[in-house]
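S.K.: A single structure is presented below for examination.
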Amino acid sequence: MAETKNKHKIKNPFEGIIEKLFMIFENKIYLYGFFAALVVFLVIFPNTSSRFTQEIMTNLFFYVVVCLGLNIIVGYAGLLHLGYAAFFAVGAYTTGILSSRMGMDFWLTIPFSIVAAVIAGLAIGFPTLRLRGDYLAIVTLGFGEITRLTIRNLDVTGGAIGLIGIQRPEFFGITLNQISHFYYMFFILAILAIIVSYRLENSRMGRAWEYIREDEDAAAAMGINVTTSRLYAFIIGSAFGAVAGSFFAAKMTAISPDSFMFIHSVMFLMAVVLGGMGKIPGVVLGSVLVVLIPEVARGIGPYRLLIFGFLLLIIMLYRPQGIWPEKPTISTDE
Amino acid sequence: MALLQIKDLTLRFGGLCAVNALSLEIEEGSIRSLIGPNGAGKTCVFNCLTGFYKPSDGEMLFQGESLVNKKPHIITYMGMARTFQNLRLFKSMSVLENVMSGMHCRTNAAFFTTAFRTKGQREEEKHIREVAEECLDFVGILNKKHFIASNLPYGDQRKVEWARALATQPKLLLLDEPAAGLNKDEKSRLIDLMHKIRDKREVTIFLIEHDMGLVMKISEKIFVIDYGVKIAEGTAQEVRDNPKVVEAYLGKEEEEETA
């Protein structure tokens, strides 16, 4: 114990504050009450707010989906991925091309975009997953840029101008064209992403990722196929990104390579790291911060990235595990 | 036919020959030990068997099937489990979760069954937990299942590793220095446990050990290696009386005199 105290010479001002805050939620009634209130609030939200705030909230839900996907790769499998926007681009462009050039119905394009993302995930994952840490990060970074530049230079993707005229999805005869429609669509998508993430985390597969993260050799000795498990994380994470990309394309109706820059990969990664890698509520919280801080801080305009950088620095110094508290001794009883 | 047959196993690291033409057989239902001075290449043998090292030469047959060029997880799946010399637990996970890892290769829920939480997947999860709890009960630490692994005392951490290996439902259990760091009491309980594993679970045990007393007590047959070469094999008494073994451990008499 004495050693660890010496290691961190700076006294941590945030020590235990967040944990204490969460003590309230140890009472299950408060916890469920909070969730119920939150869901009700989010459901009635579009009726009481402007188009602008709805737009921001939609963006937030979109971030939740994408970041939960990235969290599977970075948080669960422990693979640093710096080109996640590429998978998101693959999904968006698959839907974009099929919809605007071939007139395919939006819902039908989703399986195609998942397949495309799986292929992309395999293409990048298969040769590189034997690499560790930094090397993988560099490869994924390169992959992200290659994808963006390819999209920029192909004819079928519309080059630098991008694609326009992506059809609006229809849902039981209603064409989804209002911002409130997309608000609900992404809201449902975010909830689905949370449920699937939660189920994955508490499954044989999720545990396998955790074992590998903790001790690769021991995991292999316990009969876990390390390479396949990582590849699964890569593929599933990519598929999450692709689905989000498809919906993104449908919402925007026009996409261009500028929506899939390196900075977007960084923002997604930042949300995951800020909130806490591998923790679902943490990733949601991270998404909230990454989306809302720039809006709240709109007044300071160009300085907002500075604020971000500063915040990230503080968190990495004082709370490297992310804002969300570590899970306590897990009770595995259901 | 023997459960495990090793024929002329050789492992070289550059010019160094860590294991040199080692041959041995392990019969089903037996307890066998591999002993030798420090650096004799004992753990290297285990690492070859479990697929962590690739042998330079030789053949290893487990239930008649070759282990050469097989990956560690396949070998575990084939029915060979191991523990590590220095504990390799999943430190920040609970004891139960640690042991549940052993069931991974015996189950198969994948993405879709998990995402939709099908009946089969839920039953499988329940089964994994039951087996893990049974294994913990078997080694006697079921009451500590919710503890974080690294918070347990050393002796209990060893037991977690045992339970984890048992959860893979092995035919052959490789134990790398199971008694290291245990006190006398714990050692005698370890011997009981080994017998219990062999008799009740019908698991063959192959162990590396430094504690001669323990080895002599437990194994029906002992293999001695030095510098990667097998120098003796036989019962405890035979090995103890073998001049080569004495030489390997204590040095030659002439050398001692000149020294």
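Ligands are numbered from 1 in the order shown, residues from 1 within each chain, and chains are lettered A, B, ... in the order they appear in the structure tokens.
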Could you pull out the residues in region 10-203 of chain B that DSSP calls helix (DSSP H, G or I) from the backbone, as number ranges by chain?

M.R.: B: 42-49, 72-78, 95-106, 111-115, 119-139, 142-144, 149-151, 154-167, 184-201

S.K.: Residues at most 8 Å from region 74-90 of chain A, counting only C-alpha atoms, excluding those fewer than 3 positions away in the same chain, as a PyMOL selection string?

M.R.: chain A and resi 66+70-71+93-94+113+116-117+120-121+132-134+136-138+140-145+147-148+201+206+209-210+212-213+230+233+238-239+241-245+260-262+264-266+268-269+272+277-279

S.K.: Compare B:Gly58, B:Pro178, B:Pro243, B:Gly120 by their minimum atom-to-atom distance to Phe84 (chain B), counting only C-alpha atoms, and give me the closest one.

M.R.: B:Pro178

S.K.: Identify, on the basis of only C-alpha atoms, every residue whose closest approach to Lys7 (chain B) does not exceed 9 Å; exclude the query and any residue fewer than 5 positions from it along the same chain; express the result as a PyMOL selection string.

M.R.: chain B and resi 21-25+58-61

S.K.: Output C-alpha atoms for every residue in that selection, as an mmCIF file, in the first residue's frame.

M.R.:
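See part.cif below for the written result:
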data_model
loop_
_atom_site.group_PDB
_atom_site.id
_atom_site.type_symbol
_atom_site.label_atom_id
_atom_site.label_comp_id
_atom_site.auth_asym_id
_atom_site.auth_seq_id
_atom_site.Cartn_x
_atom_site.Cartn_y
_atom_site.Cartn_z
ATOM 1 C CA ALA B 21 15.653 -36.329 -26.776
ATOM 2 C CA LEU B 22 13.336 -36.850 -23.839
ATOM 3 C CA SER B 23 11.086 -39.880 -23.939
ATOM 4 C CA LEU B 24 8.537 -40.838 -21.336
ATOM 5 C CA GLU B 25 5.102 -42.331 -20.974
ATOM 6 C CA GLY B 58 10.267 -35.300 -31.534
ATOM 7 C CA GLU B 59 6.706 -36.475 -31.127
ATOM 8 C CA MET B 60 4.133 -36.054 -28.368
ATOM 9 C CA LEU B 61 1.037 -38.208 -28.433
#

S.K.: Residues of chain A within 7 Å of chain B, counting only C-alpha atoms - could you list those as an MDAnalysis selection string?

M.R.: chainID A and resid 196 199:200 203:205 211 214:215 218 220:225 329:331

S.K.: Output the selection as an mmCIF file, in the first residue's frame - C-alpha atoms for each residue.

M.R.:
data_model
loop_
_atom_site.group_PDB
_atom_site.id
_atom_site.type_symbol
_atom_site.label_atom_id
_atom_site.label_comp_id
_atom_site.auth_asym_id
_atom_site.auth_seq_id
_atom_site.Cartn_x
_atom_site.Cartn_y
_atom_site.Cartn_z
ATOM 1 C CA VAL A 196 -26.698 -5.983 -26.748
ATOM 2 C CA ARG A 199 -25.605 -9.052 -22.834
ATOM 3 C CA LEU A 200 -22.263 -9.463 -24.536
ATOM 4 C CA SER A 203 -21.656 -13.715 -21.563
ATOM 5 C CA ARG A 204 -19.138 -16.355 -22.394
ATOM 6 C CA MET A 205 -17.805 -14.127 -25.135
ATOM 7 C CA TYR A 211 -9.659 -13.014 -19.672
ATOM 8 C CA GLU A 214 -6.044 -9.782 -18.083
ATOM 9 C CA ASP A 215 -3.625 -12.504 -19.128
ATOM 10 C CA ALA A 218 -3.516 -17.963 -19.103
ATOM 11 C CA ALA A 220 -5.066 -19.570 -24.003
ATOM 12 C CA ALA A 221 -4.234 -22.236 -21.442
ATOM 13 C CA MET A 222 -7.881 -22.219 -20.377
ATOM 14 C CA GLY A 223 -8.903 -23.132 -23.893
ATOM 15 C CA ILE A 224 -9.754 -19.707 -25.251
ATOM 16 C CA ASN A 225 -8.838 -19.053 -28.843
ATOM 17 C CA THR A 329 -17.085 -6.854 -6.198
ATOM 18 C CA ILE A 330 -19.447 -8.264 -8.719
ATOM 19 C CA SER A 331 -22.351 -10.210 -7.447
#

S.K.: Which residues in region 63-224 of chain B does DSSP call strand (DSSP E or B)? List them as a list in words.

M.R.: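 Matching residues, listed in order: Glu65, Ser66, Met80, Ala81, Arg82, Ser94, Ile148, Leu172, Leu173, Leu174, Leu175, Asp176, Thr204, Ile205, Phe206, Leu207, Ile208, Lys221, Ile222, Phe223 and Val224 of chain B.
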
S.K.: Now that the selection is made, can you save its residues with C-alpha atoms as a compact mmCIF listing (two decimals), in the first residue's frame?

M.R.:
# COMPACT_ATOMS: atom_id res chain seq x y z
CA GLU B 65 -3.17 -37.86 -31.14
CA SER B 66 -0.16 -35.71 -31.91
CA MET B 80 -4.98 -31.41 -21.05
CA ALA B 81 -5.06 -28.63 -18.46
CA ARG B 82 -2.21 -26.91 -16.70
CA SER B 94 -13.94 -12.66 -9.19
CA ILE B 148 -11.68 -10.65 -6.31
CA LEU B 172 -4.51 -35.02 -17.76
CA LEU B 173 -3.58 -32.28 -15.33
CA LEU B 174 -0.14 -30.72 -15.55
CA LEU B 175 0.87 -29.06 -12.30
CA ASP B 176 3.89 -26.81 -12.36
CA THR B 204 -4.20 -38.33 -14.46
CA ILE B 205 -1.68 -36.05 -12.81
CA PHE B 206 1.74 -35.08 -14.05
CA LEU B 207 3.61 -32.66 -11.83
CA ILE B 208 6.83 -30.77 -11.58
CA LYS B 221 6.87 -43.10 -10.56
CA ILE B 222 9.35 -40.30 -10.95
CA PHE B 223 11.27 -39.02 -13.95
CA VAL B 224 14.48 -37.14 -13.32

S.K.: Could you give me, as a ChimeraX atom specification, the residues within 7 Å of Lys251 (chain A), counting only C-alpha atoms and dropping anything in the same chain fewer than 3 positions from it?

M.R.: /A:182,247-248

S.K.: Excluding same-chain residues fewer than 6 positions from Phe62 (chain B), what lies within 7 Å of it counting only C-alpha atoms, as a PyMOL selection string?

M.R.: chain B and resi 3-5

S.K.: What's the separation between CA of Phe172 (chain A) and CA of Leu60 (chain A), in Å to one decimal place?

M.R.: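 CA of Leu60 (chain A) lies 25.4 Å from CA of Phe172 (chain A).
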